[in-house]
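The structure under discussion appears below in the form of structure tokens.
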Amino acid sequence: QVQLVESGGGSVQTGGSLTLSCAASDYTYSGNCMGWFRQAPGKEREGVASIDFGGSSTYYAASVKGRFTISRDNAKKTVYLQMNSLKPEDTALYYCAARPSLGTSWRCSLGMPYAYWGQGTQVTVSS
């Protein structure tokens, strides 16, 4: 069963922090790459961060590198996105996504097509 459930979104002021969580079903989580994507109104969806199954390889968009951190807890089948120093341009609907890694970390990069998607959680950053 494909299941990805995001939580943790909300409204913060510029410079604030939020941590997003994504709880996944075993089918969607085990052995898979996990990623966070976002879509702002009127813009295309973009990759934010992704991580391989072992957690040793992570990928970030240039716009969030140094501010956001992706991590995963395989025992809980949950992936996190810690977001610090938030800016108004980070305002978007944030989606959790997964794709098979087939045992290779490079398949987890943000440019690869992700197969499974959650419903999204809204993040709003006000100035």
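Each chain of the structure tokens is named A, B, ... in the order shown, its residues numbered from 1; ligands are numbered from 1 in display order.
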
Report as CSV: every residue of stretch 33-66 of chain A with an atom at most 6 Å from stretch 99-109 of chain A, its closest pair of atoms, and their distance in Å to one decimal, counting only C-alpha atoms, with rows sorted by chain and ascending residue number.
```
residue,atom,partner,partner_atom,distance
A:Cys33,CA,A:Cys108,CA,5.1
A:Asp52,CA,A:Ser105,CA,5.5
A:Tyr59,CA,A:Ser109,CA,6.0
```

Could you please take those selected residues and save N, CA and C atoms as a PDB file, in the first residue's frame?
```
ATOM      1  N   CYS A  33      14.521   5.664  -1.947  1.00  0.00           N
ATOM      2  CA  CYS A  33      14.938   7.041  -1.778  1.00  0.00           C
ATOM      3  C   CYS A  33      13.722   7.819  -1.259  1.00  0.00           C
ATOM      4  N   ASP A  52      19.193   8.925   0.447  1.00  0.00           N
ATOM      5  CA  ASP A  52      19.144   7.518   0.104  1.00  0.00           C
ATOM      6  C   ASP A  52      18.680   6.703   1.304  1.00  0.00           C
ATOM      7  N   TYR A  59      20.946  15.078  -1.025  1.00  0.00           N
ATOM      8  CA  TYR A  59      20.989  16.015  -2.146  1.00  0.00           C
ATOM      9  C   TYR A  59      20.111  17.207  -1.789  1.00  0.00           C
TER      10      TYR A  59
END
```

Taking only C-alpha atoms into account, produce a table as a tab-separated table in which each residue of stretch 90-123 of chain A with an atom at most 12 Å from an atom of stretch 73-79 of chain A appears once, together with its shortest atom pair and the distance in Å to one decimal, ordered by chain and rising number.
```
residue	atom	partner	partner_atom	distance
A:Tyr95	CA	A:Val79	CA	11.6
A:Cys96	CA	A:Val79	CA	8.4
A:Ala97	CA	A:Val79	CA	9.9
A:Ala98	CA	A:Val79	CA	10.2
```

DSSP-assigned strand (DSSP E) among chain A, expressed as a PyMOL selection string: chain A and resi 4-7+10-13+18-24+32-39+46-51+58-60+68-73+78-83+92-100+116-117+121-126

Neighbour list for stretch 37-47 of chain A as a VMD selection string, cut-off 8 Å, only C-alpha atoms, skip fewer than 4 positions in-chain: chain A and resid 60 to 61 91 to 97 110 to 111

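The space separating atom CA of A:Ser30 from atom CA of A:Trp117 comes to 14.9 Å.
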
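Near A:Gln13, within 6 Å and counting only C-alpha atoms, sit Val125, Ser126 and Ser127 of chain A, not including residues fewer than 5 positions from it in the same chain.
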
A:Gln3 environment, 9 Å, only C-alpha atoms, sequence neighbours closer than 3 positions dropped, as a ChimeraX atom specification: /A:23-29,116-118

Residue set, chain A restricted to helix (DSSP H, G or I), as a list in words: Asp26, Tyr27, Thr28, Tyr29, Pro88, Glu89, Asp90, Ser105, Trp106, Arg107 and Cys108 of chain A

Just C-alpha atoms for this one: save the residues we selected as a short mmCIF file (atom, residue, chain, number, x, y, z; two decimals), in the first residue's frame.
```cif
data_model
loop_
_atom_site.label_atom_id
_atom_site.label_comp_id
_atom_site.auth_asym_id
_atom_site.auth_seq_id
_atom_site.Cartn_x
_atom_site.Cartn_y
_atom_site.Cartn_z
CA ASP A 26 6.45 -0.13 4.65
CA TYR A 27 5.84 -0.61 0.92
CA THR A 28 6.62 3.04 0.22
CA TYR A 29 9.59 3.34 2.53
CA PRO A 88 9.30 34.29 2.28
CA GLU A 89 10.42 32.56 -0.93
CA ASP A 90 10.27 29.23 0.92
CA SER A 105 22.39 6.27 -4.17
CA TRP A 106 22.58 8.26 -7.40
CA ARG A 107 18.99 7.28 -8.20
CA CYS A 108 17.96 9.38 -5.19
#
```

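The closest residue to A:Gly54, picked from A:Leu18, A:Asn84, A:Val2, A:Asn32 and counting only C-alpha atoms, is A:Asn32.
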
Which of A:Gly66, A:Met112, A:Ala49, A:Tyr80 sits closest to A:Gly9 [using only C-alpha atoms]: A:Tyr80

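Note that the spacing between atom CA of A:Gly120 and atom CA of A:Met83 amounts to 15.7 Å.
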